[in-house]
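Novice: One file: start22.txt (compact mmCIF, C-alpha atoms).
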```
# COMPACT_ATOMS: atom_id res chain seq x y z
CA MET U 69 -26.11 47.93 57.40
CA ASN U 70 -27.59 44.53 58.27
CA LYS U 71 -29.39 44.54 54.90
CA LYS U 72 -26.15 45.20 53.07
CA ILE U 73 -24.40 42.40 54.93
CA SER U 74 -27.27 40.03 54.13
CA VAL U 75 -27.14 40.91 50.43
CA VAL U 76 -23.37 40.35 50.36
CA LEU U 77 -23.74 36.99 52.07
CA VAL U 78 -26.46 35.92 49.64
CA ILE U 79 -24.31 36.95 46.65
CA LEU U 80 -21.32 35.04 48.08
CA ALA U 81 -23.49 31.96 48.57
CA ILE U 82 -24.76 32.16 44.99
CA LEU U 83 -21.23 32.57 43.63
CA THR U 84 -20.00 29.65 45.73
CA PHE U 85 -22.84 27.47 44.42
CA ILE U 86 -22.11 28.44 40.79
CA ALA U 87 -18.39 27.73 41.28
CA PHE U 88 -19.23 24.30 42.69
CA ILE U 89 -21.45 23.51 39.68
CA ILE U 90 -18.68 24.55 37.22
CA TYR U 91 -16.08 22.49 39.07
CA ASP U 92 -18.39 19.46 39.22
CA VAL U 93 -19.15 19.56 35.49
CA ALA U 94 -15.51 20.08 34.53
CA PHE U 95 -13.85 17.54 36.81
CA HIS U 96 -16.39 15.07 38.11
CA LYS U 97 -16.17 11.56 36.65
CA GLU U 98 -19.19 9.42 37.15
CA LYS U 99 -18.47 6.02 38.61
CA ALA U 100 -19.26 3.08 36.38
CA PRO U 101 -21.95 0.68 37.62
CA VAL U 102 -20.76 -2.48 39.31
CA GLY U 103 -19.81 -5.11 36.75
CA THR U 104 -19.01 -2.61 33.98
CA ILE U 105 -15.79 -3.36 32.11
CA ILE U 106 -13.84 -0.21 31.36
CA SER U 107 -11.69 -0.55 28.25
CA ASP U 108 -8.39 1.34 28.35
CA SER U 109 -6.70 0.75 25.01
CA SER U 110 -3.34 1.88 26.40
CA LYS U 111 -3.35 -1.15 28.71
CA ILE U 112 -4.15 -3.72 26.01
CA GLU U 113 -1.00 -5.52 25.00
CA ASP U 114 -0.16 -6.55 21.44
CA GLN U 115 -0.76 -10.27 21.02
CA TRP U 116 1.61 -10.63 18.04
CA TYR U 117 5.28 -9.86 17.52
CA ILE U 118 7.51 -9.05 14.55
CA ALA U 119 9.08 -12.41 13.70
CA ASP U 120 10.92 -11.23 10.60
CA LYS U 121 11.70 -8.07 8.68
CA PHE U 122 12.60 -8.29 5.01
CA GLU U 123 13.83 -5.71 2.50
CA PRO U 124 13.23 -6.94 -1.08
CA HIS U 125 15.33 -4.23 -2.82
CA GLN U 126 12.91 -4.29 -5.77
CA GLY U 127 11.71 -0.70 -5.49
CA ASN U 128 9.46 1.34 -3.23
CA LEU U 129 6.92 -1.04 -1.70
CA LYS U 130 3.19 -0.26 -1.72
CA THR U 131 1.11 -3.44 -1.53
CA ILE U 132 0.98 -7.12 -0.60
CA ALA U 133 -1.24 -10.16 -1.19
CA THR U 134 -1.04 -13.83 -0.29
CA SER U 135 -2.39 -16.98 -1.92
CA THR U 136 -3.94 -20.03 -0.31
CA GLY U 137 -0.79 -21.87 -1.42
CA SER U 138 1.16 -19.54 0.90
CA SER U 139 2.91 -17.58 -1.82
CA VAL U 140 3.54 -13.91 -1.05
CA PHE U 141 3.11 -11.26 -3.75
CA ILE U 142 4.41 -7.72 -3.38
CA GLY U 143 4.23 -4.70 -5.64
CA GLY U 144 5.24 -1.10 -5.80
CA ASP U 145 7.30 1.28 -7.86
CA LYS U 146 7.23 -0.44 -11.28
CA PHE U 147 7.38 -4.07 -10.22
CA VAL U 148 5.42 -7.13 -9.10
CA ALA U 149 7.24 -10.00 -7.40
CA ARG U 150 6.37 -13.43 -6.06
CA TYR U 151 8.02 -15.09 -3.06
CA GLN U 152 7.62 -18.34 -1.22
CA SER U 153 6.21 -18.18 2.30
CA ASP U 154 9.79 -18.23 3.65
CA LEU U 155 10.46 -15.15 1.46
CA LYS U 156 12.68 -16.90 -1.06
CA PRO U 157 12.18 -15.23 -4.47
CA VAL U 158 10.23 -17.00 -7.22
CA TRP U 159 9.99 -14.32 -9.91
CA ALA U 160 9.94 -10.56 -10.41
CA LEU U 161 8.17 -8.71 -13.21
CA PRO U 162 9.17 -5.14 -14.09
CA THR U 163 6.20 -2.91 -14.95
CA LYS U 164 5.99 0.41 -16.73
CA LYS U 165 3.76 1.87 -14.01
CA THR U 166 3.55 1.81 -10.23
CA VAL U 167 1.57 -1.14 -8.89
CA THR U 168 -0.98 -0.02 -6.30
CA ALA U 169 -2.67 -3.31 -5.33
CA ILE U 170 -2.60 -7.07 -6.01
CA ALA U 171 -5.31 -9.75 -6.01
CA LEU U 172 -5.28 -13.50 -6.71
CA SER U 173 -7.85 -15.72 -8.39
CA GLY U 174 -6.63 -19.27 -8.70
CA ASP U 175 -3.12 -18.98 -10.11
CA THR U 176 -3.75 -15.71 -11.94
CA VAL U 177 -2.43 -12.45 -10.55
CA PHE U 178 -4.32 -9.17 -11.00
CA ALA U 179 -2.25 -6.07 -10.29
CA SER U 180 -3.66 -2.55 -10.45
CA THR U 181 -1.89 0.57 -11.59
CA TYR U 182 -3.51 3.98 -11.24
CA GLU U 183 -5.10 3.62 -14.69
CA SER U 184 -5.35 -0.08 -15.50
CA ILE U 185 -5.37 -3.73 -14.43
CA LEU U 186 -2.43 -6.00 -15.29
CA VAL U 187 -3.17 -9.70 -15.76
CA ILE U 188 -0.13 -11.85 -14.90
CA SER U 189 0.45 -15.59 -15.31
CA PRO U 190 1.53 -17.89 -12.45
CA GLU U 191 5.03 -17.82 -13.99
CA GLY U 192 5.25 -14.04 -13.79
CA LYS U 193 4.53 -13.21 -17.45
CA LEU U 194 2.30 -10.29 -18.42
CA ILE U 195 -0.74 -11.76 -20.19
CA THR U 196 -2.66 -8.57 -20.93
CA GLU U 197 -3.59 -5.14 -19.61
CA TRP U 198 -7.16 -3.87 -19.19
CA GLY U 199 -7.96 -0.17 -19.27
CA PRO U 200 -7.89 2.71 -18.85
CA PHE U 201 -11.53 2.76 -17.79
CA GLU U 202 -12.03 6.37 -16.67
CA ASP U 203 -10.16 9.61 -17.42
CA SER U 204 -7.79 10.63 -14.62
CA SER U 205 -8.59 7.53 -12.57
CA VAL U 206 -6.71 6.63 -9.39
CA ILE U 207 -7.15 2.87 -8.91
CA VAL U 208 -5.94 1.95 -5.43
CA SER U 209 -7.38 -1.52 -4.73
CA VAL U 210 -8.28 -4.63 -6.72
CA ALA U 211 -10.08 -7.85 -5.79
CA ALA U 212 -10.99 -11.02 -7.68
CA ASN U 213 -13.05 -14.17 -7.29
CA LYS U 214 -13.84 -17.05 -9.64
CA SER U 215 -15.80 -14.98 -12.15
CA LEU U 216 -15.33 -11.27 -11.44
CA VAL U 217 -12.73 -8.59 -10.80
CA ALA U 218 -13.51 -5.42 -8.84
CA PHE U 219 -11.38 -2.34 -8.40
CA SER U 220 -11.81 0.99 -6.60
CA ASP U 221 -11.12 4.42 -8.08
CA ALA U 222 -10.33 6.96 -5.37
CA GLN U 223 -10.50 9.87 -7.79
CA HIS U 224 -14.07 9.21 -8.96
CA LYS U 225 -15.10 7.44 -5.72
CA ILE U 226 -16.54 4.44 -7.54
CA ILE U 227 -16.08 0.67 -7.66
CA THR U 228 -15.98 -0.93 -11.10
CA ILE U 229 -16.93 -4.56 -11.71
CA ILE U 230 -15.50 -6.34 -14.77
CA ASP U 231 -15.56 -9.90 -16.05
CA LYS U 232 -12.49 -12.08 -16.61
CA LYS U 233 -12.16 -10.71 -20.15
CA GLY U 234 -11.90 -7.13 -18.97
CA ASN U 235 -15.44 -6.12 -19.98
CA MET U 236 -17.09 -3.57 -17.72
CA LEU U 237 -20.28 -4.87 -16.10
CA LYS U 238 -21.23 -2.41 -13.36
CA GLN U 239 -20.09 0.68 -11.52
CA ILE U 240 -21.06 1.35 -7.92
CA GLY U 241 -21.03 4.81 -6.38
CA PHE U 242 -22.60 7.05 -9.00
CA SER U 243 -26.01 6.60 -7.37
CA GLY U 244 -27.33 5.41 -4.02
CA GLU U 245 -25.35 5.90 -0.83
CA PRO U 246 -22.02 7.46 -1.87
CA PHE U 247 -18.50 6.55 -0.86
CA ILE U 248 -16.75 9.25 1.17
CA ILE U 249 -13.08 8.95 0.19
CA PRO U 250 -10.96 11.93 1.33
CA ASN U 251 -7.73 10.47 -0.06
CA ASN U 252 -6.35 7.31 -1.68
CA TYR U 253 -7.48 4.70 0.87
CA PHE U 254 -10.39 2.76 -0.63
CA GLU U 255 -9.91 -0.99 -0.02
CA VAL U 256 -12.21 -3.55 -1.68
CA ASP U 257 -12.63 -7.34 -1.48
CA LEU U 258 -14.92 -9.73 -3.36
CA THR U 259 -16.63 -12.70 -1.73
CA LYS U 260 -17.32 -15.94 -3.57
CA GLU U 261 -21.01 -14.98 -3.44
CA ASN U 262 -20.29 -11.81 -5.48
CA MET U 263 -20.69 -9.46 -2.52
CA ILE U 264 -18.23 -6.63 -2.00
CA TYR U 265 -16.54 -5.61 1.23
CA VAL U 266 -15.37 -2.00 1.00
CA ALA U 267 -13.64 0.42 3.35
CA ASN U 268 -15.78 3.56 3.22
CA SER U 269 -12.90 5.31 4.91
CA GLY U 270 -14.44 8.77 5.15
CA LYS U 271 -17.19 7.22 7.28
CA ASN U 272 -14.74 5.12 9.32
CA ARG U 273 -16.44 1.85 8.52
CA ILE U 274 -16.36 -1.34 6.46
CA GLU U 275 -19.46 -2.03 4.40
CA LEU U 276 -20.77 -5.16 2.71
CA ARG U 277 -22.57 -4.24 -0.52
CA ASN U 278 -24.18 -6.20 -3.31
CA LEU U 279 -23.39 -5.59 -6.98
CA GLU U 280 -26.13 -2.97 -7.14
CA GLY U 281 -24.39 -0.99 -4.42
CA THR U 282 -26.98 -1.62 -1.70
CA ILE U 283 -25.50 -1.93 1.79
CA ALA U 284 -26.27 -5.27 3.42
CA GLU U 285 -24.14 -4.82 6.54
CA SER U 286 -21.66 -2.35 7.98
CA PHE U 287 -19.54 -1.90 11.07
CA GLY U 288 -17.09 0.61 12.45
CA ALA U 289 -17.27 4.06 14.00
CA PRO U 290 -14.92 7.00 14.56
CA GLY U 291 -13.20 6.99 17.94
CA ASN U 292 -10.17 6.01 20.00
CA ALA U 293 -11.56 2.78 21.46
CA PRO U 294 -9.82 -0.42 20.34
CA GLY U 295 -12.67 -1.41 18.03
CA ASP U 296 -13.12 2.07 16.55
CA PHE U 297 -11.28 3.70 13.68
CA CYS U 298 -9.51 6.86 14.79
CA GLY U 299 -9.08 9.97 12.69
CA CYS U 300 -9.48 10.49 8.97
CA CYS U 301 -9.59 7.83 6.25
CA ASN U 302 -9.66 4.66 8.31
CA PRO U 303 -9.52 1.76 8.04
CA SER U 304 -6.83 2.40 5.46
CA HIS U 305 -6.45 -1.28 4.59
CA PHE U 306 -8.09 -4.55 5.56
CA ALA U 307 -7.75 -8.25 4.79
CA ARG U 308 -10.28 -10.99 5.42
CA ILE U 309 -9.28 -14.06 7.43
CA PRO U 310 -11.37 -17.01 8.71
CA GLU U 311 -11.90 -15.28 12.08
CA GLY U 312 -12.93 -11.95 10.58
CA PHE U 313 -10.75 -9.03 9.52
CA ILE U 314 -7.24 -7.68 9.89
CA THR U 315 -7.36 -3.87 9.69
CA SER U 316 -4.67 -1.22 9.56
CA GLU U 317 -4.95 2.47 10.35
CA LYS U 318 -3.01 5.66 9.95
CA GLY U 319 -2.83 8.58 12.36
CA ILE U 320 -2.62 6.10 15.21
CA ASN U 321 -0.64 3.54 13.23
CA ARG U 322 -1.99 0.22 14.44
CA ILE U 323 -2.95 -3.21 13.13
CA LYS U 324 -5.73 -5.16 14.83
CA ILE U 325 -8.08 -8.11 14.40
CA LEU U 326 -11.87 -7.76 14.44
CA ASP U 327 -14.35 -10.61 14.33
CA ARG U 328 -16.83 -11.12 11.48
CA HIS U 329 -19.22 -8.60 13.05
CA GLY U 330 -16.53 -5.95 13.57
CA VAL U 331 -16.04 -6.57 17.29
CA PHE U 332 -12.51 -6.00 18.55
CA VAL U 333 -10.54 -9.19 19.20
CA GLU U 334 -6.92 -8.13 19.72
CA TYR U 335 -4.09 -5.88 18.66
CA VAL U 336 -1.54 -7.29 16.28
CA ASN U 337 0.66 -4.21 16.53
CA SER U 338 -0.17 -0.93 18.23
CA VAL U 339 3.12 0.06 19.87
CA ASN U 340 5.64 0.87 17.16
CA LYS U 341 7.80 3.51 15.53
CA PHE U 342 6.05 3.35 12.16
CA THR U 343 5.36 6.67 10.44
CA PRO U 344 1.92 7.67 11.79
CA SER U 345 0.65 8.99 8.46
CA VAL U 346 1.70 5.91 6.46
CA PRO U 347 -0.44 2.81 7.15
CA LEU U 348 0.84 -0.69 6.40
CA ASP U 349 -0.91 -2.84 3.80
CA VAL U 350 -1.77 -6.25 5.27
CA ALA U 351 -2.38 -9.80 4.04
CA SER U 352 -2.67 -13.29 5.49
CA PRO U 353 -3.19 -16.70 3.88
CA ASP U 354 -4.90 -18.25 6.91
CA GLY U 355 -4.98 -15.87 9.88
CA LYS U 356 -2.07 -17.70 11.51
CA ILE U 357 0.66 -15.53 10.02
CA ILE U 358 0.32 -11.89 8.97
CA TYR U 359 2.39 -10.08 6.37
CA ALA U 360 2.52 -6.30 6.13
CA VAL U 361 4.40 -3.94 3.85
CA ASN U 362 5.50 -0.54 5.06
CA PRO U 363 5.70 2.03 2.23
CA SER U 364 7.64 4.32 4.55
CA ASP U 365 10.74 2.09 4.72
CA SER U 366 9.95 -0.36 1.87
CA LYS U 367 10.21 -3.36 4.18
CA LEU U 368 8.01 -6.40 4.60
CA TYR U 369 7.12 -7.32 8.20
CA VAL U 370 6.10 -10.80 9.30
CA PHE U 371 3.91 -11.03 12.40
CA LYS U 372 3.39 -14.19 14.43
CA ARG U 373 1.27 -14.75 17.51
CA LYS U 374 3.04 -14.59 20.88
CA GLY U 375 3.51 -17.91 22.59
```
I'd like the structure from this file rewritten - as structure tokens, please.

Specialist:
Amino acid sequence: MNKKISVVLVILAILTFIAFIIYDVAFHKEKAPVGTIISDSSKIEDQWYIADKFEPHQGNLKTIATSTGSSVFIGGDKFVARYQSDLKPVWALPTKKTVTAIALSGDTVFASTYESILVISPEGKLITEWGPFEDSSVIVSVAANKSLVAFSDAQHKIITIIDKKGNMLKQIGFSGEPFIIPNNYFEVDLTKENMIYVANSGKNRIELRNLEGTIAESFGAPGNAPGDFCGCCNPSHFARIPEGFITSEKGINRIKILDRHGVFVEYVNSVNKFTPSVPLDVASPDGKIIYAVNPSDSKLYVFKRKG
């Protein structure tokens, strides 16, 4: 009898020990070392506010760009329009196709449709149209500098480089490290040194590539932390400013500022009632005022820093 009791007690002790281990693994939270800063994104306040909200009534909005002269350009369902910085209209150009993105080089406007690039004069006149370049293309972003124009094709997952006469020079993405683009978010930007910033959204990062497609730098990682990009296909959009980058995301619909190395600086807007699956396209002439268009309600939002 004593043996049986001993065996039962041993078994109970083993079971108790196992239960403690399971509980400890499931519920124990290790204390952070002294001096560690714990980042809780839910406690980080937005540092900008919506100063204005504008409905152009031109058509369904999709994209926005700004010039160094503080003009604001918007595009969408069969139109491109130019406004002053105070949102007074300058001109509007009807287009036969939906405009997906806009870029500026000097006074010339480059607007992409899914198949082509529209070249528009400072006065809002259509100068010419380049393309189509690939069968069944889905051009979703365009960028320009003094000598080149670059655009991204989400269907073929490539970036095409052309000169200012519309001649194709290079295509990036057919070889080397590929672009992972699950849907139509594939933002590009050209530097004056002919380097390309690109949102490789399937990898949740922004890359800096040369014209051969080689990655020089990259930053970003999947995650919920303020500096990470959460969920699929983020960052959806970005714009370069003197301090670094403005980025926008979908899923958790938020706009934030990162420094030049991709380190989180602050939230522009993270608490909102925007449609989670529809990210806002963003632009800024100087980093002191931020414009964003919301395709979900076809309104233009103006953000200014608090205080």

Novice: Within 12 Å of U:Ser352, counting all atoms listed in the file, which residues qualify if same-chain residues fewer than 2 places away don't, as a PyMOL selection string?

Specialist: chain U and resi 132-141+153+306-315+325+349-350+354-361+369-372

Novice: Do a neighbour search on U:Thr282 at 9 Å with only C-alpha atoms, toss out local chain neighbours closer than 4 positions, and write the hits as a list in words.

Specialist: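 In the requested format, the answer is Gly244, Glu245, Leu276, Arg277 and Asn278 of chain U.
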
Novice: How close does stretch 141-177 of chain U get to stretch 190-210 of chain U? List, as a Markdown table, each residue of stretch 141-177 of chain U within 9 Å, its nearest atom pair and the distance in Å to one decimal, counting only C-alpha atoms.

Specialist:
```
| residue | atom | partner | partner_atom | distance |
| --- | --- | --- | --- | --- |
| U:Val148 | CA | U:Gly192 | CA | 8.4 |
| U:Ala149 | CA | U:Gly192 | CA | 7.8 |
| U:Arg150 | CA | U:Gly192 | CA | 7.8 |
| U:Val158 | CA | U:Glu191 | CA | 8.6 |
| U:Trp159 | CA | U:Gly192 | CA | 6.1 |
| U:Ala160 | CA | U:Gly192 | CA | 6.7 |
| U:Leu161 | CA | U:Gly192 | CA | 6.1 |
| U:Val167 | CA | U:Val208 | CA | 8.8 |
| U:Thr168 | CA | U:Val208 | CA | 5.4 |
| U:Ala169 | CA | U:Ser209 | CA | 5.1 |
| U:Ile170 | CA | U:Val210 | CA | 6.2 |
| U:Ala171 | CA | U:Val210 | CA | 6.0 |
| U:Asp175 | CA | U:Pro190 | CA | 5.3 |
| U:Thr176 | CA | U:Pro190 | CA | 5.7 |
| U:Val177 | CA | U:Pro190 | CA | 7.0 |
```

Novice: Can you work out the spacing between atom CA of U:Ile230 and atom CA of U:Lys130 in Å, to one decimal?

Specialist: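 Pair atom CA of U:Ile230 / atom CA of U:Lys130 returns 23.6 Å.
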
Novice: Which is closest to U:Gln126 among U:Asn262, U:Gln223, U:Gln152, U:Thr163, if we use all atoms listed in the file?

Specialist: U:Thr163

Novice: Excluding same-chain residues fewer than 3 positions from U:Lys260, what lies within 8 Å of it counting all atoms listed in the file, as a list in words?

Specialist: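 The neighbour list is Asn213, Lys214 and Met263 of chain U.
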
Novice: Can you tell me, as a PDB file with C-alpha atoms, keeping the file's coordinate frame, what residues are no more than 9 Å from U:Asn321 when counting only C-alpha atoms, ignoring any on the same chain fewer than 4 positions away?

Specialist:
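For reference, part_38.pdb as written:
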```
ATOM      1  CA  SER U 316      -4.670  -1.220   9.560  1.00  0.00           C
ATOM      2  CA  GLU U 317      -4.950   2.470  10.350  1.00  0.00           C
ATOM      3  CA  ASN U 337       0.660  -4.210  16.530  1.00  0.00           C
ATOM      4  CA  SER U 338      -0.170  -0.930  18.230  1.00  0.00           C
ATOM      5  CA  VAL U 339       3.120   0.060  19.870  1.00  0.00           C
ATOM      6  CA  ASN U 340       5.640   0.870  17.160  1.00  0.00           C
ATOM      7  CA  LYS U 341       7.800   3.510  15.530  1.00  0.00           C
ATOM      8  CA  PHE U 342       6.050   3.350  12.160  1.00  0.00           C
ATOM      9  CA  THR U 343       5.360   6.670  10.440  1.00  0.00           C
ATOM     10  CA  PRO U 344       1.920   7.670  11.790  1.00  0.00           C
ATOM     11  CA  SER U 345       0.650   8.990   8.460  1.00  0.00           C
ATOM     12  CA  VAL U 346       1.700   5.910   6.460  1.00  0.00           C
ATOM     13  CA  PRO U 347      -0.440   2.810   7.150  1.00  0.00           C
ATOM     14  CA  LEU U 348       0.840  -0.690   6.400  1.00  0.00           C
TER      15      LEU U 348
END
```

Novice: Output as a PDB file, keeping the file's coordinate frame: stretch 318-351 of chain U, completed with N, CA and C atoms.

Specialist:
```pdb
ATOM      1  N   LYS U 318      -4.025   4.616   9.890  1.00  0.00           N
ATOM      2  CA  LYS U 318      -3.010   5.660   9.950  1.00  0.00           C
ATOM      3  C   LYS U 318      -3.436   6.683  10.993  1.00  0.00           C
ATOM      4  N   GLY U 319      -2.568   7.642  11.270  1.00  0.00           N
ATOM      5  CA  GLY U 319      -2.830   8.580  12.360  1.00  0.00           C
ATOM      6  C   GLY U 319      -2.337   7.958  13.646  1.00  0.00           C
ATOM      7  N   ILE U 320      -3.127   7.039  14.205  1.00  0.00           N
ATOM      8  CA  ILE U 320      -2.620   6.100  15.210  1.00  0.00           C
ATOM      9  C   ILE U 320      -2.303   4.839  14.418  1.00  0.00           C
ATOM     10  N   ASN U 321      -1.039   4.628  14.122  1.00  0.00           N
ATOM     11  CA  ASN U 321      -0.640   3.540  13.230  1.00  0.00           C
ATOM     12  C   ASN U 321      -0.721   2.220  13.989  1.00  0.00           C
ATOM     13  N   ARG U 322      -1.795   1.473  13.714  1.00  0.00           N
ATOM     14  CA  ARG U 322      -1.990   0.220  14.440  1.00  0.00           C
ATOM     15  C   ARG U 322      -2.656  -0.809  13.521  1.00  0.00           C
ATOM     16  N   ILE U 323      -2.366  -2.071  13.832  1.00  0.00           N
ATOM     17  CA  ILE U 323      -2.950  -3.210  13.130  1.00  0.00           C
ATOM     18  C   ILE U 323      -3.708  -4.029  14.170  1.00  0.00           C
ATOM     19  N   LYS U 324      -4.939  -4.419  13.852  1.00  0.00           N
ATOM     20  CA  LYS U 324      -5.730  -5.160  14.830  1.00  0.00           C
ATOM     21  C   LYS U 324      -6.592  -6.196  14.127  1.00  0.00           C
ATOM     22  N   ILE U 325      -7.178  -7.085  14.907  1.00  0.00           N
ATOM     23  CA  ILE U 325      -8.080  -8.110  14.400  1.00  0.00           C
ATOM     24  C   ILE U 325      -9.475  -7.852  14.958  1.00  0.00           C
ATOM     25  N   LEU U 326     -10.465  -7.870  14.075  1.00  0.00           N
ATOM     26  CA  LEU U 326     -11.870  -7.760  14.440  1.00  0.00           C
ATOM     27  C   LEU U 326     -12.564  -9.054  14.032  1.00  0.00           C
ATOM     28  N   ASP U 327     -13.629  -9.409  14.730  1.00  0.00           N
ATOM     29  CA  ASP U 327     -14.350 -10.610  14.330  1.00  0.00           C
ATOM     30  C   ASP U 327     -15.239 -10.307  13.128  1.00  0.00           C
ATOM     31  N   ARG U 328     -16.039 -11.273  12.707  1.00  0.00           N
ATOM     32  CA  ARG U 328     -16.830 -11.120  11.480  1.00  0.00           C
ATOM     33  C   ARG U 328     -17.895 -10.042  11.599  1.00  0.00           C
ATOM     34  N   HIS U 329     -18.214  -9.643  12.834  1.00  0.00           N
ATOM     35  CA  HIS U 329     -19.220  -8.600  13.050  1.00  0.00           C
ATOM     36  C   HIS U 329     -18.561  -7.257  13.388  1.00  0.00           C
ATOM     37  N   GLY U 330     -17.231  -7.201  13.309  1.00  0.00           N
ATOM     38  CA  GLY U 330     -16.530  -5.950  13.570  1.00  0.00           C
ATOM     39  C   GLY U 330     -16.202  -5.705  15.023  1.00  0.00           C
ATOM     40  N   VAL U 331     -16.360  -6.717  15.867  1.00  0.00           N
ATOM     41  CA  VAL U 331     -16.040  -6.570  17.290  1.00  0.00           C
ATOM     42  C   VAL U 331     -14.544  -6.785  17.503  1.00  0.00           C
ATOM     43  N   PHE U 332     -13.949  -5.922  18.292  1.00  0.00           N
ATOM     44  CA  PHE U 332     -12.510  -6.000  18.550  1.00  0.00           C
ATOM     45  C   PHE U 332     -12.120  -7.325  19.188  1.00  0.00           C
ATOM     46  N   VAL U 333     -11.065  -7.948  18.651  1.00  0.00           N
ATOM     47  CA  VAL U 333     -10.540  -9.190  19.200  1.00  0.00           C
ATOM     48  C   VAL U 333      -9.205  -8.950  19.880  1.00  0.00           C
ATOM     49  N   GLU U 334      -8.248  -8.350  19.141  1.00  0.00           N
ATOM     50  CA  GLU U 334      -6.920  -8.130  19.720  1.00  0.00           C
ATOM     51  C   GLU U 334      -6.106  -7.212  18.826  1.00  0.00           C
ATOM     52  N   TYR U 335      -5.073  -6.635  19.428  1.00  0.00           N
ATOM     53  CA  TYR U 335      -4.090  -5.880  18.660  1.00  0.00           C
ATOM     54  C   TYR U 335      -3.029  -6.827  18.115  1.00  0.00           C
ATOM     55  N   VAL U 336      -2.716  -6.652  16.851  1.00  0.00           N
ATOM     56  CA  VAL U 336      -1.540  -7.290  16.280  1.00  0.00           C
ATOM     57  C   VAL U 336      -0.319  -6.440  16.583  1.00  0.00           C
ATOM     58  N   ASN U 337      -0.449  -5.135  16.297  1.00  0.00           N
ATOM     59  CA  ASN U 337       0.660  -4.210  16.530  1.00  0.00           C
ATOM     60  C   ASN U 337       0.101  -2.813  16.749  1.00  0.00           C
ATOM     61  N   SER U 338       0.297  -2.280  17.937  1.00  0.00           N
ATOM     62  CA  SER U 338      -0.170  -0.930  18.230  1.00  0.00           C
ATOM     63  C   SER U 338       0.911  -0.061  18.846  1.00  0.00           C
ATOM     64  N   VAL U 339       1.987  -0.679  19.300  1.00  0.00           N
ATOM     65  CA  VAL U 339       3.120   0.060  19.870  1.00  0.00           C
ATOM     66  C   VAL U 339       4.285  -0.102  18.906  1.00  0.00           C
ATOM     67  N   ASN U 340       4.613   0.971  18.195  1.00  0.00           N
ATOM     68  CA  ASN U 340       5.640   0.870  17.160  1.00  0.00           C
ATOM     69  C   ASN U 340       6.218   2.245  16.868  1.00  0.00           C
ATOM     70  N   LYS U 341       7.186   2.258  15.979  1.00  0.00           N
ATOM     71  CA  LYS U 341       7.800   3.510  15.530  1.00  0.00           C
ATOM     72  C   LYS U 341       7.518   3.738  14.042  1.00  0.00           C
ATOM     73  N   PHE U 342       6.446   3.131  13.539  1.00  0.00           N
ATOM     74  CA  PHE U 342       6.050   3.350  12.160  1.00  0.00           C
ATOM     75  C   PHE U 342       5.626   4.809  11.964  1.00  0.00           C
ATOM     76  N   THR U 343       5.796   5.314  10.753  1.00  0.00           N
ATOM     77  CA  THR U 343       5.360   6.670  10.440  1.00  0.00           C
ATOM     78  C   THR U 343       3.844   6.762  10.624  1.00  0.00           C
ATOM     79  N   PRO U 344       3.356   7.640  11.502  1.00  0.00           N
ATOM     80  CA  PRO U 344       1.920   7.670  11.790  1.00  0.00           C
ATOM     81  C   PRO U 344       1.040   7.859  10.561  1.00  0.00           C
ATOM     82  N   SER U 345       1.485   8.665   9.619  1.00  0.00           N
ATOM     83  CA  SER U 345       0.650   8.990   8.460  1.00  0.00           C
ATOM     84  C   SER U 345       0.717   7.960   7.347  1.00  0.00           C
ATOM     85  N   VAL U 346       1.531   6.907   7.516  1.00  0.00           N
ATOM     86  CA  VAL U 346       1.700   5.910   6.460  1.00  0.00           C
ATOM     87  C   VAL U 346       1.261   4.543   6.975  1.00  0.00           C
ATOM     88  N   PRO U 347       0.041   4.115   6.677  1.00  0.00           N
ATOM     89  CA  PRO U 347      -0.440   2.810   7.150  1.00  0.00           C
ATOM     90  C   PRO U 347       0.223   1.667   6.399  1.00  0.00           C
ATOM     91  N   LEU U 348       0.270   0.501   7.029  1.00  0.00           N
ATOM     92  CA  LEU U 348       0.840  -0.690   6.400  1.00  0.00           C
ATOM     93  C   LEU U 348      -0.264  -1.475   5.693  1.00  0.00           C
ATOM     94  N   ASP U 349       0.021  -1.946   4.479  1.00  0.00           N
ATOM     95  CA  ASP U 349      -0.910  -2.840   3.800  1.00  0.00           C
ATOM     96  C   ASP U 349      -0.724  -4.234   4.391  1.00  0.00           C
ATOM     97  N   VAL U 350      -1.827  -4.975   4.559  1.00  0.00           N
ATOM     98  CA  VAL U 350      -1.770  -6.250   5.270  1.00  0.00           C
ATOM     99  C   VAL U 350      -2.350  -7.378   4.441  1.00  0.00           C
ATOM    100  N   ALA U 351      -1.869  -8.599   4.716  1.00  0.00           N
ATOM    101  CA  ALA U 351      -2.380  -9.800   4.040  1.00  0.00           C
ATOM    102  C   ALA U 351      -2.076 -11.003   4.920  1.00  0.00           C
TER     103      ALA U 351
END
```
